[in-house]
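Read through the structure below, which is laid out as structure tokens, and then see the notes.
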Protein chains: 2
Amino acid sequence: MSKMEYVKPADIEKRSFAIITEELGDRTFPPDIAPVVKRVIHTSADFEYADNLVFSEGAVARARKAIEAGAHIVTDTNMVKAGINKKILAQFGGEVHCFVADEDVAAEAKARGVTRSTVSMERAAGLDVPLIFAIGNAPTALVEIRRLVDAGTLSPELVIGVPVGFVNVVESKELIQESGVPYIVARGRKGGSNVAAAIVNALLYQLVRREGF
Amino acid sequence: MSKMEYVKPADIEKRSFAIITEELGDRTFPPDIAPVVKRVIHTSADFEYADNLVFSEGAVARARKAIEAGAHIVTDTNMVKAGINKKILAQFGGEVHCFVADEDVAAEAKARGVTRSTVSMERAAGLDVPLIFAIGNAPTALVEIRRLVDAGTLSPELVIGVPVGFVNVVESKELIQESGVPYIVARGRKGGSNVAAAIVNALLYQLVRREGF
């Protein structure tokens with residue numbers, strides 16, 4: 001195993017971010033956005049995110065304030081939920097909600113001929129706390145968020161819109177970008193649960209000053 | 001929202017796989033490997049996996065037999081665990097294990113100056129059932145699997161080696177490819193929890209005949 005370089009566990013992430021920064025070269029980002037872009041590249045090894053990720057004006061600052069004030073996070077899948085650093089979120093009073101695997105959600109979706117994600121977002125809109133949405137898979141979740149926003153029944157602090165895929169994914173992200181809500185979106189087909197969780201964690205780590213790399 | 005194409009929820013995945021097949025064009029794969037490659041592209045929207053994914057001879061057939069015989073799955077993170085279709089796995093008697101967030105694992109790792117993933121793999125090796133490893137994040141998990149294999153204390157049915165990252169990731173995958181164990185590896189830096197879970201699910205779906213697309 002001599003080909004492995006020995007790096008202390010605590011230093012692996014720091015070293016990784018140094019490599020990412022080096023390979024980004026002349027590509028620089030505003031100080032609030034850089035940690036988000038780099039953490040997404042860290043979680044995907046895909047430098048396309050340096051171009052794909054778009055942020056509404058002031059989105060990161062507003063999301064940080066919302067988390068500090070105890071905002072909760074709604075995810076479209078349990079994978080996103082599993083990837084979020086819930087210990088740090090809990091320090092600020094936040095929790096993560098994911099309704100997609102609830103049995104009554106599945107039953108209602110089937111009865112209505114809609115996706116479980118659609119029903120999940122309706123449930124989330126009923127939560128009586130400030131909300132950040134982290135959507136890594138389901139374009140129909142973004143469609144439903146837009147519908148609820150247009151109807152005046154939802155006013156999210158941030159929508160992280162990074163579903164991945166080939167059917168209606170690009171369009172669903174555009175719906176969020178045109179909605180007037182604060183957003184972080186990965187344009188195009190790419191994204192995923194890992195990307196959604198990485199964006200939430202980048203926000204959380206900035207709040208506890210782990211953003212130095 | 002007129003720009004959205006209406007596709008019935010049940011048809012979204014089928015349509016997605018048709019698009020992937022079309023865009024792969026002349027790139028064809030053996031019948032057991034194609035569903036794995038396509039599902040990874042489906043979960044990442046990244047066609048590089050058509051080139052990155054490598055399979056040891058007969059890996060898919062052996063893994064399918066192992067799952068049918070009740071093999072358990074060991075993951076390096078709870079995100080991979082969350083992404084696996086545990087209902088289908090349970091039909092064959094399998095379970096998913098992930099030790100990385102156990103408090104005693106963290107304590108032991110800290111005391112020994114190794115990663116939690118290293119300790120997790122040692123725990124897994126103590127399970128008295130046939131095992132498939134699905135590693136989406138931690139190169140040190142692959143290093144430890146190789147060490148246990150070399151020591152004769154572990155004989156996995158399959159190692160899915162798809163950690164993502166910048167430090168020792170490429171080398172850790174090579175260690176598995178040279179180990180003599182059956183493997184599915186994503187060469188290079190790319191991979192992730194979503195990719196690891198997608199590979200497991202592709203194997204599971206083949207067993208319940210959802211592999212037609």
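Naming scheme: A, B, ... for chains in displayed order of the structure tokens; residues 1 onward per chain; ligands 1 onward as shown.
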
- prompt: What residues in chain A have any atom no more than 8 Å from chain B when counting only C-alpha atoms, and can you write them as a PyMOL selection string?
  reply: chain A and resi 1+3-5+8-9+12+15-16+19+42-46+78-80+82-83+113-115+164-168+171-172+175+189-194

Export, as a CSV table (one decimal), in the first residue's frame, the selected residues with C-alpha atoms.
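Okay, again_20.csv is ready:
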```
chain,number,residue,atom,x,y,z
A,1,MET,CA,0.0,0.0,0.0
A,3,LYS,CA,1.4,4.3,-3.0
A,4,MET,CA,-0.9,5.9,-0.5
A,5,GLU,CA,0.1,9.3,0.9
A,8,LYS,CA,-4.0,12.7,9.1
A,9,PRO,CA,-7.8,12.2,9.0
A,12,ILE,CA,-7.9,15.3,4.5
A,15,ARG,CA,-5.9,19.3,1.8
A,16,SER,CA,-8.9,18.6,-0.6
A,19,ILE,CA,-6.4,21.2,-4.3
A,42,HIS,CA,-15.5,18.5,-2.9
A,43,THR,CA,-18.6,16.3,-2.8
A,44,SER,CA,-18.7,15.6,-6.5
A,45,ALA,CA,-15.2,16.0,-7.9
A,46,ASP,CA,-17.0,17.8,-10.7
A,78,ASN,CA,-34.0,10.9,3.1
A,79,MET,CA,-30.6,10.8,1.4
A,80,VAL,CA,-30.4,14.6,1.6
A,82,ALA,CA,-28.9,11.9,6.0
A,83,GLY,CA,-26.2,14.0,4.5
A,113,GLY,CA,-52.0,10.8,-9.4
A,114,VAL,CA,-49.2,13.2,-8.3
A,115,THR,CA,-45.8,12.5,-7.0
A,164,VAL,CA,-30.7,15.8,-11.1
A,165,GLY,CA,-32.1,14.2,-14.2
A,166,PHE,CA,-33.4,14.2,-17.7
A,167,VAL,CA,-37.2,14.9,-17.5
A,168,ASN,CA,-38.4,18.4,-16.6
A,171,GLU,CA,-37.4,23.6,-16.5
A,172,SER,CA,-38.1,23.1,-12.8
A,175,LEU,CA,-39.3,28.0,-12.4
A,189,ARG,CA,-29.3,18.4,-15.6
A,190,LYS,CA,-26.7,18.0,-12.8
A,191,GLY,CA,-27.3,18.0,-9.1
A,192,GLY,CA,-28.3,15.3,-6.6
A,193,SER,CA,-28.8,14.5,-3.0
A,194,ASN,CA,-25.1,14.8,-2.3
```

task: Determine which residues of chain B DSSP labels as strand (DSSP E or B) from the backbone of this structure, then write them out as JSON, numbers by chain.
output: {"B": [53, 54, 55, 72, 73, 74, 75, 96, 97, 131, 132, 133, 134, 135, 158, 159, 160, 161, 183, 184, 185, 186]}

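Between CA of Asp26 (chain A) and CA of Ala186 (chain A) the separation is 21.0 Å.
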
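In this model, the gap between CA of Ala141 (chain B) and CA of Leu154 (chain B) comes to 13.1 Å.
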
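Those residues that approach Gly126 (chain A) to within 12 Å, counting only C-alpha atoms, are Val74, His97, Phe99, Val119, Ser120, Met121, Glu122, Arg123, Ala124, Asp128, Val129, Pro130, Leu131, Leu148, Thr153, Leu154, Ser155 and Pro156 of chain A; same-chain residues fewer than 2 positions away are not listed.
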
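Between CA of Ala202 (chain B) and CA of Val36 (chain B) the separation is 5.2 Å.
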